[in-house]
Every structure is written in structure tokens, then in C-alpha cells.
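**Student:** I have a structure I would like to understand better, so I am pasting it below and will then ask my questions one at a time.
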Amino acid sequence: MRVTIDLDKCIMAGECVYNHPWLYEFNDENQASVKVALLTTDDQKLAARQSREVCPSGAIQLHDN
Amino acid sequence: MGALANEIDPREFDSPGYQKDPFPLYKRLRDHHPLFRDRFHNRWLISRYDDVNAAFQDNESFDRALYKVDGPYEFGSSHVFGPNILEYGNSDRHRWLRNIIAGQFVGQGLVSFIPFIEKIAGELLEDCMGDGEVELVSRFSNQFPIRVISNILGLPRADEERFVGWYQALIAGLGFGGEHLARGIAARNEMWKYLEPIIEERLRNPGEDLLSKIAVAELDGQRMSMDEVKGFIALLLAAGGDTTDKAIANMWYHMLYTRPDQFEDVKKDPSLWENVFAEMMRYDAVVHVQSRYTTREVVMHNRVIPERSLVILLLGSGNRDERVFANPDTFDIHRTDMHMGRENRSARYKDKLPGHLGFGVGQHFCMGYAMARQEAVIACTRMMEVMKNPRPKFATHEGISSPNIDSGGFRSPQELWIEFDG
Ligand code: HEM
Ligand code: SF4
């Protein structure tokens with residue numbers, strides 16, 4: 001599974017960064033970004049789904065490949 | 001003036017003058033003692049916007065709970081609310097507890113509450129709008145958020161009065177110690193006894209109400225314990241009731257007395273209540289103070305704060321920092337140097353403007369930020385629809401004040417009389 005952030009939608013709420021710091025960060029341009037390219041374990045995938053739930057702007061997208 | 005003029009006697013923090021108007025002292029702190037060691041109360045104070053904001057975000061150095069060297073957090077039966085997420089500091093358990101419920105208060109969860117908010121606002125207004133005048137605090141704002149919460153939780157409407165009573169005892173127990181604390185804890189225990197069978201019933205037969213959702217929510221295959229559910233409900237009453245109630249009163253106070261000129265703008269364009277909310281949260285946020293404990297030595301302004309020290313983050317002062325906001329002591333709903341829209345946990349905004357600190361920032365950023373704004377704006381908008389030509393009943397007002405710093409300093413007017421045409 002891969003995770004991407006739609007930066008047009010992202011309002012920089014930071015919920016993803018606070019809840020799953022291993023997966024998200026604010027990068028040097030102060031944009032939310034994904035730190036892990038490919039999620040492989042069930043735990044990782046579950047966390048990714050949770051992060052999509054907590055994002056208030058619907059900016060987080062999950063891709064199955 | 002010599003250097004002594006800028007010395008601060010910590011007993012000033014306990015003076016009636018400070019409770020009434022803390023802002024001159026905040027300014028002296030920011031200008032001359034950005035890191036102030038208060039030996040009298042054994043604590044440190046930080047007061048500039050950038051320092052407060054940074055401390056909120058620095059989980060490595062600051063923790064909300066007093067951590068124990070040799071293990072988990074002190075866990076407080078002495079707390080009025082019982083076990084609740086505030087006491088889990090920065091631990092994984094905190095993250096878990098927050099995540100299991102935080103989603104209920106934003107997005108779709110929030111949208112599903114709006115009909116309740118509208119309904120309660122309508123009922124209360126109908127009840128108190130007959131006479132051409134109203135005392136806003138006791139007749140409306142004190143009642144509104146707690147009734148909204150009780151409805152959202154799906155408690156029987158017949159029990160609402162009891163619930164409001166427990167709530168008032170809980171709140172009184174927060175700040176004033178002694179007898180009030182004992183009564184607060186007694187009310188909490190009574191409320192818990194009342195809630196227990198209801199929670200058990202919802203566990204067996206979950207509905208669409210928030211209490212069911214909290215009780216059955218699972219994260220990583222785990223549910224909250226019964227005590228955690230009850231502790232969360234108690235916290236919800238205080239964190240979500242008392243604060244929003246005072247926010248509504250503060251918004252009206254500043255429109256009626258501080259900026260009647262800008263009130264005219266709001267009357268023409270009620271969507272400006274959103275701006276009134278944001279500027280109220282900056283200029284005179286209900287909550288001025290949050291505390292943290294250092295988890296290691298922290299160097300700040302060339303001094304060392306030792307490990308395990310109590311540090312007070314004066315967000316009420318950061319909000320008035322002239323280093324960040326122009327004319328910080330002017331209430332201005334048309335401010336262009338602050339982010340006026342919904343708040344973000346990260347304190348970062350796409351418009352690159354700084355936000356107010358009134359909801360905190362970071363790990364413990366207010367979970368009800370979107371709901372509080374929604375409730376306050378709906379309440380104020382509805383009031384304007386019902387009251388024609390609202391105006392202060394009395395030409396002068398004693399102003400907003402707060403209990404002392406140790407009780408959280410929730411600021412609001414005691415009373416607010418509004419007159420209007422039938
Ligand atoms: C205008 C009204 C409100 C104000 C001024 C306010 C203020 C705050 C502040 C300053 C904090 C940060 C505490 C810290 O940094 O340690 C906080 C946390 C919290 N607030 Fe609010 N709040 C308001 C409304 C609400 C509402 C409506 C709810 C419930 C739906 C709520 C629930 C919470 C909770 C659960 C926390 C703890 C979060 C955590 O520790 O992770 N608040 N609030
Ligand atoms: S939670 Fe959503 S809106 Fe917030 S920073 Fe992450 S992606 Fe952006």
C-alpha cells in the first residue's frame with residue numbers, strides 16, 4: 001500500500017503528523033509529507049487507514065499497489 | 001525608571017488586580033522576563049508567543065502529566081474527573097485514547113451534531129426571549145453547551161436537569177479546593193453511578209448516540225475500560241461545557257462593550273461571528289494558562305530550567321504579543337495579521353499567518369476546537385435572529401475577570417444583561 005497527500009486539499013491540520021509520526025512529517029517547505037514509501041505490514045496498513053479517518057480535510061489517499 | 005520598576009513580585013499573580021486585568025503584567029513578563037522564575041509558587045512562566053508555541057510542540061522537553069522516573073504516570077483518583085486523557089501525558093495511551101474518539105468531533109461526526117445544536121439553541125432562546133431583556137450568562141450560555149452534550153450523548157431528556165446540576169458541582173470542584181473539591185467528587189461519583197447502567201445498556205444495544213460510539217469504539221482491537229469511558233464523559237462536560245459557555249459570553253461582551261462599532265458590521269453580516277470567535281480566542285481567550293512539566297533540562301533565554309519543573313505556558317499573554325500581532329491590545333474582528341478561520345492542531349496555516357493560541361497546540365490541542373466554534377457561532381447567529389436591535393442594558397460593565405491562575409483562569413463576565421426590541 002502507498003499513501004499520498006493531496007496538497008490542494010491539505011489544510012495543514014497536522015493530525016496525521018501527531019498521530020502517526022513514523023509515517024508523516026512536515027517537510028522543510030512546511031508541507032505535510034509521507035515518510036515511508038511502501039507500507040507492507042498489516043499494522044502499517046491499519047495505521048494508514050486510521051490516519052485517513054482523522055484527517056479533517058480528506059487529503060489522505062491510500063493506493064493498493 | 002530604574003531597573004527595579006521592572007522587577008516582578010510573584011504575589012502580584014494572586015492579587016485581585018491581576019485577576020481583573022492580567023495584561024499589563026503579561027507585558028512586563030514578555031518585555032523583561034520572558035522566562036520568569038517564580039520562587040514563591042515554585043514554577044517558571046513563559047509568556048512570548050514564539051516560546052509558548054514552541055513549548056506546546058516540544059514533546060521531548062515538556063509533558064502535560066507529572067511523569068514518574070520509574071514508570072507510568074501518577075494516576076489520579078484525586079482528580080475531579082477521575083481517570084481521563086489529560087493525565088496520560090504524552091504517552092502512547094494518550095494517543096490511543098485520543099484517536100479512539102477524536103474523529104467524533106470533526107468532519108462527519110461534527111455535522112451529525114449540528115441538528116442538536118440548532119435544536120437546543122432554539123429551545124433555550126424561546127424560553128428566555130419574551131421580556132425584551134435577558135441575562136445571557138444564567139439564562140443561555142451557562143445552559144447551552146451542557147444541554148448540547150447531554151443530547152449528543154443520548155441521555156434521557158428527563159434527566160437533563162440533574163445532569164446540569166452535576167456539571168455545576170464538577171466545575172466548582174475544579175478551582176476552589178476544599179469543600180468545593182469534596183462536593184465535586186461527590187457529584188462525579190453520583191453521576192458515575194447514574195451512567196454505569198446506561199453505558200452497560202449501550203454496550204449491549206449500541207445506538208447512534210455519542211455515548212454508544214465511545215463505549216464500543218475499538219482501536220487496535222481494544223475498547224476503553226468502563227472507568228475510562230466515565231472519566232471521558234466527566235472531562236467532556238468540563239472541557240466542552242464550561243469553556244464554550246464562557247466563550248459565548250465573552251463574544252457578546254466584546255461586541256456590546258468593547259467594539260459596538262464592529263458589532264454593526266456583524267449585524268449586517270452574521271457570518272462575521274466566525275471572526276468574532278477567532279478574535280475573542282486571541283484577545284481574551286477563556287483559558288489563559290496551561291501547565292507542563294519538564295522531562296529534561298531545558299535551556300531558554302540563556303537559563304536552565306531543571307528537570308521536573310512546573311512550567312506555566314501563558315497563552316493569554318502569547319496572544320497579546322506585539323512581536324506577532326500589530327496593536328495586540330485592540331479587539332479587531334477584521335485583523336489581517338491572524339488566521340481567522342478554523343484552527344489547526346499544528347499551528348501551521350496555508351495563509352502563512354499565525355493563529356491564536358486559545359486552543360493550545362500540538363499533542364493536547366483541544367479536541368473540541370471545531371465543535372466549540374460551531375456551537376458558539378450557531379448560538380450567536382440564532383440570538384441575532386431572535387433579538388432585534390440588541391444592546392447593553394447597562395451603560396457600564398465591571399468587565400471580564402478570572403479566578404486565580406491555579407484554577408486554570410477561565411475568564412468570563414459574571415453577568416451580561418442584554419436589552420432588545422420584542
Ligand atoms: C471555546 C471553547 C474551548 C476552549 C477555550 C478550549 C480550550 C482548550 C485548551 C487550551 C486545551 C489544551 C490543553 C493542553 O494544552 O494541555 C484543550 C484541550 C481539550 N479540549 Fe478544549 N476547549 C474548548 C472547547 C472544547 C470542547 C467543545 C470540547 C469537547 C468536545 C473540548 C475537549 C477538549 C479535550 C478532550 C481536551 C484534551 C485533549 C488532549 O489532552 O489531548 N474542548 N481545550
Ligand atoms: S491530517 Fe490531513 S489536512 Fe492535516 S496535515 Fe495531514 S494530510 Fe494535511
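Just remember, in the C-alpha cells the first chain shown is A, the second B, etc., residues are 1-based per chain, and ligands are 1-based in the order shown.
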Using DSSP on the backbone, list every residue of chain A that comes out as strand (DSSP E or B), and give them as a VMD selection string.
**Tutor:** chain A and resid 2 to 5 24 to 26 32 to 34 60 to 63
**Student:** What are the closest atom pairs, with distances in Å to one decimal, for all residues of chain A lying within 12 Å of ligand 1? Consider only C-alpha atoms and all ligand atoms, order rows by chain and residue number, and present the result as CSV.
**Tutor:**
residue,atom,partner,partner_atom_place_in_ligand_line,distance
A:Glu15,CA,ligand 1,41 (O),11.5
A:Tyr18,CA,ligand 1,41 (O),10.6
A:Asn19,CA,ligand 1,41 (O),10.9
**Student:** Restrict the selected residues to N, CA and C atoms and save them as a compact mmCIF listing (two decimals), in the first residue's frame.
**Tutor:**
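Heads up, here's the output in result_5.txt:
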# COMPACT_ATOMS: atom_id res chain seq x y z
N GLU A 15 -3.01 16.50 11.97
CA GLU A 15 -3.50 15.31 12.68
C GLU A 15 -2.69 14.08 12.28
N TYR A 18 0.75 14.24 14.07
CA TYR A 18 0.71 13.97 15.51
C TYR A 18 0.38 12.52 15.84
N ASN A 19 -0.50 11.93 15.02
CA ASN A 19 -0.95 10.59 15.36
C ASN A 19 -0.03 9.49 14.85
**Student:** With a cut-off of 8 Å and counting only C-alpha atoms, select all residues of chain A in contact with chain B and give the selection as number ranges by chain.
**Tutor:** A: 11-15, 18-19, 53-54, 56-57
**Student:** Just write the chosen residues, N, CA, C and O atoms, as a CSV table (one decimal), in the first residue's frame.
**Tutor:**
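Saved file selection-v7.csv follows:
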chain,number,residue,atom,x,y,z
A,11,ILE,N,-5.1,21.0,4.7
A,11,ILE,CA,-5.1,22.3,5.3
A,11,ILE,C,-4.1,22.4,6.4
A,11,ILE,O,-4.1,23.3,7.2
A,12,MET,N,-3.1,21.5,6.4
A,12,MET,CA,-2.0,21.5,7.4
A,12,MET,C,-2.5,21.3,8.8
A,12,MET,O,-1.9,21.9,9.7
A,13,ALA,N,-3.5,20.6,9.0
A,13,ALA,CA,-4.0,20.4,10.4
A,13,ALA,C,-3.0,19.7,11.2
A,13,ALA,O,-3.0,19.9,12.4
A,14,GLY,N,-2.3,18.8,10.6
A,14,GLY,CA,-1.3,18.1,11.4
A,14,GLY,C,-1.7,16.9,12.1
A,14,GLY,O,-1.0,16.2,12.9
A,15,GLU,N,-3.0,16.5,12.0
A,15,GLU,CA,-3.5,15.3,12.7
A,15,GLU,C,-2.7,14.1,12.3
A,15,GLU,O,-2.4,13.2,13.1
A,18,TYR,N,0.8,14.2,14.1
A,18,TYR,CA,0.7,14.0,15.5
A,18,TYR,C,0.4,12.5,15.8
A,18,TYR,O,0.9,12.0,16.8
A,19,ASN,N,-0.5,11.9,15.0
A,19,ASN,CA,-1.0,10.6,15.4
A,19,ASN,C,0.0,9.5,14.8
A,19,ASN,O,0.1,8.4,15.4
A,53,GLU,N,-8.8,8.5,8.4
A,53,GLU,CA,-10.0,8.8,9.2
A,53,GLU,C,-9.8,10.1,9.9
A,53,GLU,O,-10.8,10.9,10.0
A,54,VAL,N,-8.7,10.4,10.5
A,54,VAL,CA,-8.5,11.5,11.4
A,54,VAL,C,-8.2,12.8,10.6
A,54,VAL,O,-8.3,13.9,11.1
A,56,PRO,N,-8.9,15.9,8.8
A,56,PRO,CA,-10.2,16.7,8.7
A,56,PRO,C,-10.5,17.1,7.3
A,56,PRO,O,-11.6,17.6,7.0
A,57,SER,N,-9.6,17.1,6.4
A,57,SER,CA,-9.8,17.7,5.0
A,57,SER,C,-9.9,16.6,3.9
A,57,SER,O,-10.1,17.0,2.8
**Student:** So which residues touch segment 188-201 of chain B within 7 Å, counting only C-alpha atoms, skipping near sequence neighbours fewer than 6 positions away, as an MDAnalysis selection string?
**Tutor:** chainID B and resid 81 166 170 215 230
**Student:** Would you compute the distance between atom CA of Trp44 of chain B and atom CA of Ala239 of chain B? Give it in Å to one decimal.
**Tutor:**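 Spanning atom CA of Trp44 of chain B to atom CA of Ala239 of chain B is a straight-line distance of 24.7 Å.
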**Student:** How many Å separate atom CA of Asn205 of chain B from atom CA of Asn151 of chain B?
**Tutor:**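 About the pair atom CA of Asn205 of chain B and atom CA of Asn151 of chain B: they are 17.8 Å apart.
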**Student:** Can you list, as a ChimeraX atom specification, every protein, DNA or RNA residue that comes within 7 Å of Ile85 of chain B when you count only C-alpha atoms, leaving out same-chain residues fewer than 3 positions away?
**Tutor:** /B:88,94,97
**Student:** Once you have the residues from the selection above, write them out as a short mmCIF file (atom, residue, chain, number, x, y, z; two decimals), in the first residue's frame, restricted to all heavy atoms.
**Tutor:**
data_model
loop_
_atom_site.label_atom_id
_atom_site.label_comp_id
_atom_site.auth_asym_id
_atom_site.auth_seq_id
_atom_site.Cartn_x
_atom_site.Cartn_y
_atom_site.Cartn_z
N TYR B 88 -2.72 11.26 31.07
CA TYR B 88 -1.82 10.29 30.44
C TYR B 88 -0.63 10.96 29.75
O TYR B 88 0.09 10.30 29.02
CB TYR B 88 -2.57 9.43 29.44
CG TYR B 88 -3.45 8.37 30.06
CD1 TYR B 88 -4.82 8.47 30.02
CD2 TYR B 88 -2.88 7.26 30.67
CE1 TYR B 88 -5.64 7.49 30.56
CE2 TYR B 88 -3.69 6.27 31.22
CZ TYR B 88 -5.07 6.40 31.16
OH TYR B 88 -5.87 5.43 31.70
N HIS B 94 -2.18 7.94 25.75
CA HIS B 94 -2.86 9.19 25.41
C HIS B 94 -3.24 9.22 23.95
O HIS B 94 -4.36 9.53 23.57
CB HIS B 94 -1.99 10.41 25.75
CG HIS B 94 -2.55 11.69 25.19
ND1 HIS B 94 -2.19 12.17 23.96
CD2 HIS B 94 -3.49 12.53 25.66
CE1 HIS B 94 -2.89 13.27 23.70
NE2 HIS B 94 -3.67 13.51 24.72
N LEU B 97 -6.15 6.85 23.40
CA LEU B 97 -7.42 7.35 23.91
C LEU B 97 -7.96 8.51 23.07
O LEU B 97 -9.15 8.66 22.89
CB LEU B 97 -7.24 7.84 25.35
CG LEU B 97 -7.48 6.83 26.45
CD1 LEU B 97 -7.10 7.43 27.79
CD2 LEU B 97 -8.94 6.38 26.47
#
**Student:** Which residues are near Arg48 of chain B? Cut-off 12 Å, only C-alpha atoms, ignore same chain within fewer than 2 positions. Put them as a PDB file with C-alpha atoms, in the first residue's frame.
**Tutor:**
ATOM      1  CA  TYR B  26       1.908  39.827  30.927  1.00  0.00           C
ATOM      2  CA  LYS B  27       3.569  42.654  29.036  1.00  0.00           C
ATOM      3  CA  ARG B  28       6.164  43.207  31.733  1.00  0.00           C
ATOM      4  CA  LEU B  29       6.885  39.484  31.649  1.00  0.00           C
ATOM      5  CA  ARG B  30       7.253  39.424  27.854  1.00  0.00           C
ATOM      6  CA  ASP B  31       9.438  42.516  27.751  1.00  0.00           C
ATOM      7  CA  HIS B  32      11.670  41.994  30.779  1.00  0.00           C
ATOM      8  CA  HIS B  33      11.326  38.394  31.986  1.00  0.00           C
ATOM      9  CA  PRO B  34      10.467  36.179  29.004  1.00  0.00           C
ATOM     10  CA  LEU B  35      11.468  33.294  31.238  1.00  0.00           C
ATOM     11  CA  PHE B  36      10.389  34.112  34.777  1.00  0.00           C
ATOM     12  CA  LEU B  45       6.475  31.195  33.437  1.00  0.00           C
ATOM     13  CA  ILE B  46       6.852  31.728  29.717  1.00  0.00           C
ATOM     14  CA  ASP B  50       7.008  32.010  19.997  1.00  0.00           C
ATOM     15  CA  ASP B  51       8.119  30.445  23.272  1.00  0.00           C
ATOM     16  CA  VAL B  52       4.636  29.261  24.221  1.00  0.00           C
ATOM     17  CA  ASN B  53       4.016  27.879  20.741  1.00  0.00           C
ATOM     18  CA  ALA B  54       7.372  26.085  20.717  1.00  0.00           C
ATOM     19  CA  ALA B  55       6.855  24.603  24.180  1.00  0.00           C
ATOM     20  CA  MET B 300      15.710  29.026  27.365  1.00  0.00           C
ATOM     21  CA  HIS B 301      16.740  32.671  27.215  1.00  0.00           C
ATOM     22  CA  ILE B 312       3.285  27.717  33.034  1.00  0.00           C
ATOM     23  CA  LEU B 313       2.555  28.442  29.387  1.00  0.00           C
ATOM     24  CA  LEU B 314       0.804  31.814  29.394  1.00  0.00           C
ATOM     25  CA  LEU B 315      -1.129  31.520  26.184  1.00  0.00           C
ATOM     26  CA  GLY B 316      -3.222  34.528  27.213  1.00  0.00           C
ATOM     27  CA  SER B 317      -0.010  36.532  27.062  1.00  0.00           C
ATOM     28  CA  GLY B 318       1.328  34.975  23.865  1.00  0.00           C
ATOM     29  CA  ASN B 319      -1.917  36.036  22.218  1.00  0.00           C
ATOM     30  CA  ARG B 320      -1.110  39.674  23.048  1.00  0.00           C
ATOM     31  CA  ASP B 321       2.497  39.525  21.921  1.00  0.00           C
ATOM     32  CA  GLU B 322       3.369  42.684  19.992  1.00  0.00           C
ATOM     33  CA  ARG B 323       6.185  40.723  18.335  1.00  0.00           C
ATOM     34  CA  VAL B 324       3.496  38.822  16.404  1.00  0.00           C
ATOM     35  CA  PHE B 325       0.279  40.861  16.302  1.00  0.00           C
ATOM     36  CA  LEU B 357      -3.111  30.042  20.978  1.00  0.00           C
TER      37      LEU B 357
END
**Student:** Can you list every residue in segment 6-63 of chain A that DSSP puts in helix (DSSP H, G or I), as a ChimeraX atom specification?
**Tutor:** /A:15-19,42-54
**Student:** Take the residues from that selection and write them out as a PDB file, in the first residue's frame, keeping N, CA, C and O atoms.
**Tutor:**
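Listing of selection.pdb after writing:
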ATOM      1  N   GLU A  15      -3.011  16.496  11.971  1.00  0.00           N
ATOM      2  CA  GLU A  15      -3.497  15.310  12.678  1.00  0.00           C
ATOM      3  C   GLU A  15      -2.689  14.078  12.281  1.00  0.00           C
ATOM      4  O   GLU A  15      -2.368  13.230  13.106  1.00  0.00           O
ATOM      5  N   CYS A  16      -2.350  13.989  11.016  1.00  0.00           N
ATOM      6  CA  CYS A  16      -1.574  12.833  10.558  1.00  0.00           C
ATOM      7  C   CYS A  16      -0.206  12.821  11.223  1.00  0.00           C
ATOM      8  O   CYS A  16       0.257  11.783  11.704  1.00  0.00           O
ATOM      9  N   VAL A  17       0.419  13.985  11.299  1.00  0.00           N
ATOM     10  CA  VAL A  17       1.769  14.066  11.861  1.00  0.00           C
ATOM     11  C   VAL A  17       1.767  13.718  13.356  1.00  0.00           C
ATOM     12  O   VAL A  17       2.636  13.011  13.851  1.00  0.00           O
ATOM     13  N   TYR A  18       0.750  14.236  14.072  1.00  0.00           N
ATOM     14  CA  TYR A  18       0.713  13.966  15.510  1.00  0.00           C
ATOM     15  C   TYR A  18       0.375  12.525  15.836  1.00  0.00           C
ATOM     16  O   TYR A  18       0.885  11.952  16.787  1.00  0.00           O
ATOM     17  N   ASN A  19      -0.499  11.929  15.021  1.00  0.00           N
ATOM     18  CA  ASN A  19      -0.955  10.593  15.362  1.00  0.00           C
ATOM     19  C   ASN A  19      -0.035   9.494  14.849  1.00  0.00           C
ATOM     20  O   ASN A  19       0.065   8.436  15.444  1.00  0.00           O
ATOM     21  N   ASP A  42       0.478  -5.482   8.132  1.00  0.00           N
ATOM     22  CA  ASP A  42      -0.924  -5.183   8.451  1.00  0.00           C
ATOM     23  C   ASP A  42      -1.022  -3.996   9.390  1.00  0.00           C
ATOM     24  O   ASP A  42      -1.925  -3.155   9.264  1.00  0.00           O
ATOM     25  N   ASP A  43      -0.113  -3.922  10.374  1.00  0.00           N
ATOM     26  CA  ASP A  43      -0.136  -2.805  11.319  1.00  0.00           C
ATOM     27  C   ASP A  43       0.028  -1.478  10.601  1.00  0.00           C
ATOM     28  O   ASP A  43      -0.665  -0.503  10.879  1.00  0.00           O
ATOM     29  N   GLN A  44       0.963  -1.462   9.661  1.00  0.00           N
ATOM     30  CA  GLN A  44       1.193  -0.230   8.911  1.00  0.00           C
ATOM     31  C   GLN A  44      -0.044   0.171   8.122  1.00  0.00           C
ATOM     32  O   GLN A  44      -0.430   1.339   8.090  1.00  0.00           O
ATOM     33  N   LYS A  45      -0.675  -0.837   7.499  1.00  0.00           N
ATOM     34  CA  LYS A  45      -1.847  -0.528   6.680  1.00  0.00           C
ATOM     35  C   LYS A  45      -3.008  -0.044   7.536  1.00  0.00           C
ATOM     36  O   LYS A  45      -3.740   0.872   7.160  1.00  0.00           O
ATOM     37  N   LEU A  46      -3.157  -0.676   8.707  1.00  0.00           N
ATOM     38  CA  LEU A  46      -4.212  -0.260   9.625  1.00  0.00           C
ATOM     39  C   LEU A  46      -3.992   1.190  10.045  1.00  0.00           C
ATOM     40  O   LEU A  46      -4.917   2.015  10.049  1.00  0.00           O
ATOM     41  N   ALA A  47      -2.747   1.505  10.382  1.00  0.00           N
ATOM     42  CA  ALA A  47      -2.433   2.875  10.811  1.00  0.00           C
ATOM     43  C   ALA A  47      -2.727   3.863   9.684  1.00  0.00           C
ATOM     44  O   ALA A  47      -3.225   4.968   9.919  1.00  0.00           O
ATOM     45  N   ALA A  48      -2.416   3.451   8.458  1.00  0.00           N
ATOM     46  CA  ALA A  48      -2.677   4.345   7.326  1.00  0.00           C
ATOM     47  C   ALA A  48      -4.174   4.616   7.193  1.00  0.00           C
ATOM     48  O   ALA A  48      -4.595   5.745   6.947  1.00  0.00           O
ATOM     49  N   ARG A  49      -4.971   3.549   7.378  1.00  0.00           N
ATOM     50  CA  ARG A  49      -6.428   3.757   7.294  1.00  0.00           C
ATOM     51  C   ARG A  49      -6.911   4.674   8.414  1.00  0.00           C
ATOM     52  O   ARG A  49      -7.755   5.547   8.208  1.00  0.00           O
ATOM     53  N   GLN A  50      -6.334   4.483   9.611  1.00  0.00           N
ATOM     54  CA  GLN A  50      -6.717   5.369  10.712  1.00  0.00           C
ATOM     55  C   GLN A  50      -6.340   6.820  10.410  1.00  0.00           C
ATOM     56  O   GLN A  50      -7.076   7.745  10.732  1.00  0.00           O
ATOM     57  N   SER A  51      -5.198   6.996   9.804  1.00  0.00           N
ATOM     58  CA  SER A  51      -4.772   8.371   9.532  1.00  0.00           C
ATOM     59  C   SER A  51      -5.711   9.025   8.525  1.00  0.00           C
ATOM     60  O   SER A  51      -5.999  10.212   8.609  1.00  0.00           O
ATOM     61  N   ARG A  52      -6.231   8.242   7.596  1.00  0.00           N
ATOM     62  CA  ARG A  52      -7.180   8.817   6.655  1.00  0.00           C
ATOM     63  C   ARG A  52      -8.454   9.250   7.396  1.00  0.00           C
ATOM     64  O   ARG A  52      -9.043  10.273   7.096  1.00  0.00           O
ATOM     65  N   GLU A  53      -8.830   8.469   8.417  1.00  0.00           N
ATOM     66  CA  GLU A  53     -10.014   8.818   9.200  1.00  0.00           C
ATOM     67  C   GLU A  53      -9.847  10.145   9.939  1.00  0.00           C
ATOM     68  O   GLU A  53     -10.774  10.932  10.044  1.00  0.00           O
ATOM     69  N   VAL A  54      -8.663  10.356  10.508  1.00  0.00           N
ATOM     70  CA  VAL A  54      -8.516  11.548  11.352  1.00  0.00           C
ATOM     71  C   VAL A  54      -8.197  12.813  10.558  1.00  0.00           C
ATOM     72  O   VAL A  54      -8.266  13.907  11.100  1.00  0.00           O
TER      73      VAL A  54
END
